[in-house]
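To be precise, the following lines are run-v8.cif, and they hold mmCIF, C-alpha atoms and all ligand atoms.
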```cif
data_run
loop_
_atom_site.label_atom_id
_atom_site.label_comp_id
_atom_site.auth_asym_id
_atom_site.auth_seq_id
_atom_site.Cartn_x
_atom_site.Cartn_y
_atom_site.Cartn_z
CA MET A 1 18.73 4.59 -13.53
CA ASN A 2 18.34 8.39 -13.75
CA LYS A 3 17.87 8.88 -10.01
CA LYS A 4 17.85 12.69 -10.15
CA LYS A 5 15.05 13.00 -12.71
CA ILE A 6 13.01 10.28 -11.01
CA LYS A 7 13.37 12.00 -7.64
CA GLU A 8 12.25 15.31 -9.17
CA ILE A 9 9.14 13.62 -10.55
CA ILE A 10 8.30 11.94 -7.24
CA LEU A 11 8.74 15.29 -5.46
CA LYS A 12 6.05 16.83 -7.66
CA LYS A 13 3.40 14.75 -5.87
CA ASN A 14 1.02 17.09 -4.01
CA LYS A 15 2.91 20.11 -5.40
CA SER A 16 2.51 20.37 -9.16
CA LYS A 17 0.98 18.16 -11.81
CA ILE A 18 3.13 15.80 -13.86
CA VAL A 19 2.94 16.08 -17.65
CA CYS A 20 3.42 12.94 -19.71
CA LEU A 21 2.86 12.18 -23.40
CA THR A 22 3.68 9.33 -25.71
CA ALA A 23 6.14 9.67 -28.59
CA TYR A 24 7.32 7.20 -31.18
CA SER A 25 9.84 9.24 -33.19
CA LYS A 26 12.67 11.75 -32.79
CA SER A 27 10.87 14.65 -34.47
CA ILE A 28 7.85 14.52 -32.13
CA ALA A 29 10.03 13.77 -29.08
CA LYS A 30 12.08 16.88 -29.77
CA ILE A 31 8.94 19.02 -29.55
CA LEU A 32 7.61 17.28 -26.41
CA ASP A 33 10.92 17.45 -24.58
CA SER A 34 10.47 21.12 -23.64
CA TYR A 35 7.05 20.50 -22.10
CA CYS A 36 6.92 17.00 -20.65
CA ASP A 37 8.23 15.54 -17.41
CA ILE A 38 7.91 12.07 -18.88
CA VAL A 39 7.93 10.89 -22.49
CA LEU A 40 6.57 7.38 -22.91
CA VAL A 41 7.29 5.13 -25.87
CA GLY A 42 4.02 3.28 -25.43
CA ASP A 43 2.91 0.04 -27.00
CA SER A 44 -0.05 2.16 -28.15
CA MET A 45 2.18 2.50 -31.24
CA ALA A 46 0.39 -0.72 -32.27
CA ASN A 47 -2.85 1.20 -32.76
CA VAL A 48 -1.59 4.60 -33.82
CA LEU A 49 1.35 3.65 -36.04
CA TYR A 50 0.77 0.08 -37.12
CA GLY A 51 -3.03 0.15 -37.45
CA SER A 52 -3.63 -2.84 -35.16
CA GLN A 53 -6.79 -3.43 -33.14
CA ASN A 54 -4.82 -4.10 -29.95
CA THR A 55 -1.30 -3.80 -28.57
CA HIS A 56 -0.52 -7.51 -28.50
CA LYS A 57 1.69 -7.83 -31.57
CA ILE A 58 4.18 -5.11 -30.69
CA SER A 59 7.59 -6.76 -30.39
CA LEU A 60 10.61 -5.98 -28.27
CA GLU A 61 12.35 -4.93 -31.49
CA ASN A 62 9.52 -2.44 -32.31
CA ILE A 63 9.84 -0.83 -28.87
CA ILE A 64 13.63 -0.76 -29.08
CA GLN A 65 13.71 0.84 -32.55
CA HIS A 66 11.17 3.54 -31.69
CA THR A 67 12.81 4.26 -28.32
CA ILE A 68 16.19 4.67 -30.04
CA SER A 69 14.55 7.24 -32.33
CA VAL A 70 12.75 9.05 -29.46
CA LYS A 71 15.93 9.14 -27.35
CA LYS A 72 17.57 11.24 -30.09
CA GLY A 73 15.00 13.98 -29.45
CA ILE A 74 15.14 13.92 -25.65
CA LYS A 75 17.40 16.07 -23.47
CA ASN A 76 15.31 16.85 -20.38
CA SER A 77 12.32 14.56 -19.99
CA LEU A 78 12.39 11.17 -18.34
CA LEU A 79 12.28 8.57 -21.09
CA VAL A 80 10.15 5.50 -20.33
CA ALA A 81 9.79 2.51 -22.66
CA ASP A 82 6.84 0.13 -22.52
CA MET A 83 7.59 -3.56 -22.15
CA PRO A 84 5.54 -5.40 -24.78
CA LYS A 85 3.10 -8.21 -23.97
CA ASN A 86 4.79 -11.53 -23.17
CA THR A 87 8.21 -9.97 -22.62
CA TYR A 88 7.92 -10.06 -18.82
CA ASN A 89 6.05 -13.29 -18.11
CA ASP A 90 8.57 -14.37 -15.47
CA VAL A 91 11.41 -12.75 -13.55
CA LYS A 92 14.23 -14.15 -15.71
CA THR A 93 12.59 -13.14 -19.00
CA ALA A 94 11.65 -9.71 -17.65
CA LEU A 95 15.16 -9.01 -16.45
CA LYS A 96 16.74 -10.13 -19.72
CA ASN A 97 14.36 -8.03 -21.82
CA ALA A 98 14.39 -4.94 -19.60
CA ARG A 99 18.20 -5.01 -19.65
CA LEU A 100 18.15 -5.31 -23.45
CA ILE A 101 15.75 -2.35 -23.80
CA LYS A 102 17.91 -0.24 -21.47
CA LYS A 103 21.19 -1.23 -23.09
CA LYS A 104 20.04 -0.61 -26.67
CA THR A 105 17.98 2.53 -26.09
CA LYS A 106 19.55 4.21 -23.05
CA CYS A 107 16.03 4.94 -21.75
CA ASP A 108 15.59 5.90 -18.09
CA ALA A 109 12.90 3.42 -17.11
CA VAL A 110 10.51 0.74 -18.33
CA LYS A 111 6.75 0.48 -17.82
CA LEU A 112 4.92 -2.76 -17.35
CA GLU A 113 1.24 -3.53 -16.93
CA SER A 114 -0.01 -5.18 -13.78
CA ASN A 115 -1.81 -8.50 -14.00
CA SER A 116 -2.42 -8.24 -10.22
CA LYS A 117 0.29 -10.86 -9.65
CA ASN A 118 3.54 -9.64 -11.20
CA PHE A 119 4.75 -7.49 -8.28
CA ASN A 120 7.82 -9.73 -7.84
CA ILE A 121 8.90 -8.81 -11.37
CA ILE A 122 8.86 -5.11 -10.49
CA SER A 123 10.82 -5.70 -7.28
CA GLU A 124 13.45 -7.79 -9.06
CA LEU A 125 13.93 -5.20 -11.82
CA VAL A 126 14.20 -2.43 -9.23
CA ARG A 127 16.66 -4.54 -7.19
CA LYS A 128 18.77 -4.77 -10.35
CA LYS A 129 18.66 -0.95 -10.66
CA ILE A 130 16.07 -0.75 -13.43
CA ALA A 131 13.50 1.97 -12.73
CA VAL A 132 9.93 0.77 -13.23
CA MET A 133 6.60 2.44 -13.78
CA GLY A 134 3.47 0.41 -13.01
CA HIS A 135 0.12 0.45 -14.85
CA ILE A 136 -3.24 -0.56 -13.37
CA GLY A 137 -6.92 -0.32 -14.26
CA TYR A 138 -7.57 -1.00 -17.92
CA THR A 139 -4.43 -2.86 -18.92
CA PRO A 140 -4.81 -3.65 -22.65
CA GLN A 141 -2.13 -6.37 -22.64
CA PHE A 142 -4.10 -8.48 -20.15
CA LYS A 143 -7.77 -7.48 -20.42
CA LYS A 144 -9.89 -8.67 -23.31
CA LYS A 145 -12.71 -6.15 -22.94
CA PHE A 146 -12.54 -2.43 -22.26
CA LYS A 147 -14.12 -1.62 -18.91
CA ILE A 148 -14.05 1.33 -16.52
CA GLU A 149 -12.74 0.10 -13.19
CA GLY A 150 -13.32 1.24 -9.63
CA LYS A 151 -17.11 1.43 -9.83
CA ASN A 152 -17.78 -0.17 -6.45
CA LYS A 153 -16.14 -0.63 -3.05
CA PHE A 154 -14.85 -4.10 -3.87
CA GLU A 155 -13.13 -2.94 -7.09
CA ILE A 156 -11.74 0.20 -5.42
CA ASN A 157 -10.23 -1.77 -2.52
CA LYS A 158 -8.68 -4.25 -4.97
CA LEU A 159 -7.14 -1.38 -6.96
CA ILE A 160 -5.79 0.27 -3.79
CA ARG A 161 -4.19 -3.03 -2.72
CA GLU A 162 -2.64 -3.40 -6.18
CA ALA A 163 -1.27 0.17 -6.19
CA LYS A 164 0.21 -0.30 -2.70
CA LEU A 165 1.92 -3.54 -3.74
CA ILE A 166 3.37 -1.86 -6.82
CA GLU A 167 4.67 0.96 -4.62
CA LYS A 168 6.12 -1.58 -2.16
CA ALA A 169 7.82 -3.39 -5.06
CA GLY A 170 9.72 -0.16 -5.78
CA ALA A 171 7.99 1.41 -8.79
CA PHE A 172 8.46 5.19 -8.99
CA GLY A 173 5.02 5.89 -10.43
CA ILE A 174 1.83 4.24 -11.64
CA VAL A 175 -0.36 4.84 -14.68
CA LEU A 176 -4.05 4.70 -13.77
CA GLU A 177 -6.02 3.87 -16.91
CA CYS A 178 -9.78 4.40 -17.09
CA LEU A 179 -10.65 4.46 -13.40
CA THR A 180 -13.57 6.29 -11.81
CA PRO A 181 -12.73 9.67 -10.22
CA LYS A 182 -13.42 8.16 -6.79
CA ALA A 183 -10.98 5.29 -7.31
CA SER A 184 -8.28 7.64 -8.68
CA LYS A 185 -8.69 10.00 -5.75
CA LEU A 186 -8.43 7.27 -3.14
CA ILE A 187 -5.46 5.53 -4.77
CA THR A 188 -3.63 8.84 -5.25
CA SER A 189 -4.13 9.75 -1.60
CA LYS A 190 -3.04 6.36 -0.27
CA ILE A 191 0.32 5.97 -1.99
CA ASN A 192 3.46 8.11 -1.87
CA ILE A 193 4.47 7.70 -5.50
CA PRO A 194 2.78 9.72 -8.27
CA THR A 195 -0.22 8.47 -10.21
CA ILE A 196 -0.42 9.40 -13.89
CA GLY A 197 -3.95 9.23 -15.21
CA ILE A 198 -5.39 8.47 -18.60
CA GLY A 199 -9.18 8.53 -18.62
CA SER A 200 -9.04 8.64 -14.82
CA SER A 201 -10.14 12.21 -14.05
CA VAL A 202 -8.24 15.16 -12.63
CA ASN A 203 -7.74 13.30 -9.34
CA CYS A 204 -4.31 11.99 -10.36
CA ASP A 205 -0.86 13.48 -9.79
CA GLY A 206 -0.34 13.84 -13.52
CA GLN A 207 -1.87 13.16 -16.91
CA VAL A 208 -0.80 11.20 -19.97
CA LEU A 209 -2.29 11.14 -23.47
CA VAL A 210 -1.35 9.44 -26.69
CA ILE A 211 0.23 12.21 -28.78
CA ASP A 212 -1.64 11.32 -31.99
CA ASP A 213 -4.94 11.77 -30.12
CA LEU A 214 -3.92 15.17 -28.71
CA ILE A 215 -2.87 16.56 -32.11
CA GLY A 216 -5.80 15.11 -34.03
CA LEU A 217 -3.77 12.71 -36.13
CA SER A 218 -5.80 9.76 -34.90
CA GLN A 219 -9.55 9.75 -35.28
CA SER A 220 -10.05 8.60 -31.67
CA LYS A 221 -13.56 8.99 -30.33
CA LEU A 222 -12.67 7.88 -26.80
CA LYS A 223 -14.46 9.94 -24.14
CA PHE A 224 -11.25 10.85 -22.31
CA VAL A 225 -9.44 12.14 -25.40
CA LYS A 226 -9.27 15.85 -26.04
CA ARG A 227 -8.06 17.03 -29.44
CA PHE A 228 -6.05 20.13 -28.53
CA VAL A 229 -5.12 20.90 -32.16
CA ASP A 230 -6.10 19.46 -35.53
CA ILE A 231 -2.88 18.63 -37.34
CA THR A 232 -4.79 16.60 -39.93
CA LYS A 233 -6.32 19.82 -41.32
CA LEU A 234 -2.87 21.45 -41.49
CA ILE A 235 -1.39 18.45 -43.29
CA GLU A 236 -4.30 18.44 -45.74
CA THR A 237 -3.79 22.14 -46.47
CA GLY A 238 -0.11 21.53 -47.26
CA VAL A 239 -0.72 18.42 -49.34
CA LYS A 240 -3.52 20.11 -51.36
CA LYS A 241 -1.23 23.08 -52.13
CA PHE A 242 1.57 20.71 -53.16
CA LYS A 243 -0.75 18.78 -55.48
CA SER A 244 -2.13 21.93 -57.05
CA GLU A 245 1.34 23.41 -57.68
CA VAL A 246 2.66 20.14 -59.10
CA LEU A 247 -0.30 19.87 -61.50
CA LYS A 248 0.09 23.50 -62.59
CA LYS A 249 3.88 23.09 -62.93
CA GLN A 250 4.36 25.88 -60.35
CA PHE A 251 6.51 23.62 -58.19
CA PRO A 252 9.45 23.22 -58.21
CA LYS A 253 10.64 26.69 -59.22
CA ALA A 254 14.17 27.49 -60.34
CA LYS A 255 15.12 28.30 -56.74
CA HIS A 256 14.24 24.72 -55.75
CA SER A 257 16.36 23.28 -58.58
CA PHE A 258 20.10 22.79 -59.01
CA SER A 259 21.71 24.67 -61.89
CA LYS A 260 24.88 22.60 -61.86
O1 LIG B 301 0.97 2.51 -24.53
C1 LIG B 301 0.61 3.59 -24.08
O2 LIG B 301 0.55 4.61 -24.77
C2 LIG B 301 0.24 3.64 -22.68
C3 LIG B 301 -0.47 4.87 -22.21
C4 LIG B 301 -1.89 4.76 -22.57
C5 LIG B 301 -0.29 5.09 -20.77
O3 LIG B 301 0.46 2.72 -21.96
#
```
Spell out the structure here as structure tokens.
Ligand code: KIV
Amino acid sequence: MNKKKIKEIILKKNKSKIVCLTAYSKSIAKILDSYCDIVLVGDSMANVLYGSQNTHKISLENIIQHTISVKKGIKNSLLVADMPKNTYNDVKTALKNARLIKKKTKCDAVKLESNSKNFNIISELVRKKIAVMGHIGYTPQFKKKFKIEGKNKFEINKLIREAKLIEKAGAFGIVLECLTPKASKLITSKINIPTIGIGSSVNCDGQVLVIDDLIGLSQSKLKFVKRFVDITKLIETGVKKFKSEVLKKQFPKAKHSFSK
């Protein structure tokens, strides 16, 4: 467990915002490392890399391989690996798989989604010195339909209870996915660990986005996504130039060729 980095992140609560992005490869991780407090190898790789409709088919091996790659680009950020669906159904399985992820990837922490019951899994992992990040609200591994949560008092109170139990279990932070601004604000004010929001307004201690959405590599139309740059256009420019030069026999030139 990287206690120092985790402590630094917790200390940012109420002081400065926490910056988190997903990464799935060394080259992207290397760029993010200078700017992010946390780099997450999310199971969102299912959608953005593997073209799946949901995250359910991502395996432990997928997460391990991509985290090994990301780790090679990380020097400063806290590296968190998602635990895939069905890899933490009970304490024994969770412990075995979290240990395997940590051993093979040397990541700093794992993230697991809450099903409103699995708090004992978090506490057991933490007891065994594995740092854990929680995840509440829209939890794609458990919820069939996308829904904004925290729209009424009943839902907000349930989410606050869940966040408090995750904190009590020993998690160092919680992702809040697709919650109303009111729910995010209340949860964030009622727990002492940082909340990292995605689609949950500015009322969180930090923000996370899927990197492919931020750079315009995905065609995401989700309301909470902001495309900060359009890398697709840049790639197209390069590929068009390459094609044109290949067809006109302008590439490769002598300087790109070996004489001996
Ligand atoms: O898998 C993922 O990328 C995530 C983020 C949306 C928080 O869990």
Selection as a PDB file with C-alpha atoms, in the frame of the given file: residues within 10 Å of ligand LIG 301 (chain B) by all atoms listed in the file:
```pdb
ATOM      1  CA  CYS A  20       3.420  12.940 -19.710  1.00  0.00           C
ATOM      2  CA  LEU A  21       2.860  12.180 -23.400  1.00  0.00           C
ATOM      3  CA  THR A  22       3.680   9.330 -25.710  1.00  0.00           C
ATOM      4  CA  ALA A  23       6.140   9.670 -28.590  1.00  0.00           C
ATOM      5  CA  TYR A  24       7.320   7.200 -31.180  1.00  0.00           C
ATOM      6  CA  VAL A  39       7.930  10.890 -22.490  1.00  0.00           C
ATOM      7  CA  LEU A  40       6.570   7.380 -22.910  1.00  0.00           C
ATOM      8  CA  VAL A  41       7.290   5.130 -25.870  1.00  0.00           C
ATOM      9  CA  GLY A  42       4.020   3.280 -25.430  1.00  0.00           C
ATOM     10  CA  ASP A  43       2.910   0.040 -27.000  1.00  0.00           C
ATOM     11  CA  SER A  44      -0.050   2.160 -28.150  1.00  0.00           C
ATOM     12  CA  MET A  45       2.180   2.500 -31.240  1.00  0.00           C
ATOM     13  CA  ALA A  46       0.390  -0.720 -32.270  1.00  0.00           C
ATOM     14  CA  ASN A  47      -2.850   1.200 -32.760  1.00  0.00           C
ATOM     15  CA  VAL A  48      -1.590   4.600 -33.820  1.00  0.00           C
ATOM     16  CA  THR A  55      -1.300  -3.800 -28.570  1.00  0.00           C
ATOM     17  CA  ALA A  81       9.790   2.510 -22.660  1.00  0.00           C
ATOM     18  CA  ASP A  82       6.840   0.130 -22.520  1.00  0.00           C
ATOM     19  CA  MET A  83       7.590  -3.560 -22.150  1.00  0.00           C
ATOM     20  CA  PRO A  84       5.540  -5.400 -24.780  1.00  0.00           C
ATOM     21  CA  LYS A 111       6.750   0.480 -17.820  1.00  0.00           C
ATOM     22  CA  LEU A 112       4.920  -2.760 -17.350  1.00  0.00           C
ATOM     23  CA  GLU A 113       1.240  -3.530 -16.930  1.00  0.00           C
ATOM     24  CA  GLY A 134       3.470   0.410 -13.010  1.00  0.00           C
ATOM     25  CA  HIS A 135       0.120   0.450 -14.850  1.00  0.00           C
ATOM     26  CA  ILE A 136      -3.240  -0.560 -13.370  1.00  0.00           C
ATOM     27  CA  TYR A 138      -7.570  -1.000 -17.920  1.00  0.00           C
ATOM     28  CA  THR A 139      -4.430  -2.860 -18.920  1.00  0.00           C
ATOM     29  CA  PRO A 140      -4.810  -3.650 -22.650  1.00  0.00           C
ATOM     30  CA  GLN A 141      -2.130  -6.370 -22.640  1.00  0.00           C
ATOM     31  CA  ILE A 174       1.830   4.240 -11.640  1.00  0.00           C
ATOM     32  CA  VAL A 175      -0.360   4.840 -14.680  1.00  0.00           C
ATOM     33  CA  LEU A 176      -4.050   4.700 -13.770  1.00  0.00           C
ATOM     34  CA  GLU A 177      -6.020   3.870 -16.910  1.00  0.00           C
ATOM     35  CA  CYS A 178      -9.780   4.400 -17.090  1.00  0.00           C
ATOM     36  CA  ILE A 196      -0.420   9.400 -13.890  1.00  0.00           C
ATOM     37  CA  GLY A 197      -3.950   9.230 -15.210  1.00  0.00           C
ATOM     38  CA  ILE A 198      -5.390   8.470 -18.600  1.00  0.00           C
ATOM     39  CA  GLY A 199      -9.180   8.530 -18.620  1.00  0.00           C
ATOM     40  CA  GLN A 207      -1.870  13.160 -16.910  1.00  0.00           C
ATOM     41  CA  VAL A 208      -0.800  11.200 -19.970  1.00  0.00           C
ATOM     42  CA  LEU A 209      -2.290  11.140 -23.470  1.00  0.00           C
ATOM     43  CA  VAL A 210      -1.350   9.440 -26.690  1.00  0.00           C
ATOM     44  CA  ILE A 211       0.230  12.210 -28.780  1.00  0.00           C
TER      45      ILE A 211
END
```
Residues at most 12 Å from region 7-9 of chain A, counting all atoms listed in the file, excluding those fewer than 3 positions away in the same chain, as a PyMOL selection string?
-> chain A and resi 1-4+12-20+36-38+76-78+131+133+171-174+192-196+205-206
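For the residues A:Ile64, A:Thr188, A:Ser200, A:Glu155, ranking by smallest atom-to-atom distance to Leu100 (chain A) using all atoms listed in the file places A:Ile64 first.
We find CA of Cys107 (chain A) and CA of Val80 (chain A) to be spaced 6.1 Å apart.
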If you take every atom of region 108-117 of chain A that the file lists and fit an axis-aligned box around them with 6 Å extra on each side, what centre and edge lengths come out in Å to one decimal, as AutoDock Vina command-line options?
```
--center_x 6.6 --center_y -2.5 --center_z -14.0 --size_x 30.0 --size_y 28.8 --size_z 20.7
```
Leaving out region 26-28 of chain A and any residue of its chain fewer than 4 positions from it, which residues lie within 6 Å of it when counting all atoms listed in the file, given as a ChimeraX atom specification?
-> /A:69-70,72-73
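The smallest atom-to-atom distance between Leu125 (chain A) and any of A:Lys92, A:Lys168, A:Lys103, A:Lys260, using all atoms listed in the file, is found for A:Lys92.
Distance-wise, CA of Glu245 (chain A) and CA of Ile231 (chain A) end up 21.3 Å apart.
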Nearest to Ile166 (chain A), restricted to only C-alpha atoms and choosing among A:Arg99, A:Lys117, A:Lys223, A:Lys240, comes out as A:Lys117
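CA of Val110 (chain A) lies 5.1 Å from CA of Val132 (chain A).
The residue that comes closest to Gln65 (chain A), out of A:Lys85, A:Lys30, A:Lys143, A:Lys106 and on the basis of all atoms listed in the file, is A:Lys106.
The smallest atom-to-atom distance between Lys104 (chain A) and any of A:Glu61, A:Asp33, A:Glu124, A:Glu162, using all atoms listed in the file, is found for A:Glu61.
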One residue among A:Asp108, A:Lys226, A:Val126, A:Ile215 is nearest to Leu32 (chain A) when using all atoms listed in the file, and that residue is A:Ile215
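Every protein or nucleic acid residue with an atom no more than 10 Å from Val229 (chain A), counting only C-alpha atoms and leaving out same-chain residues fewer than 6 positions away, appears here: Asp213, Leu214, Ile215, Gly216 and Leu217 of chain A.
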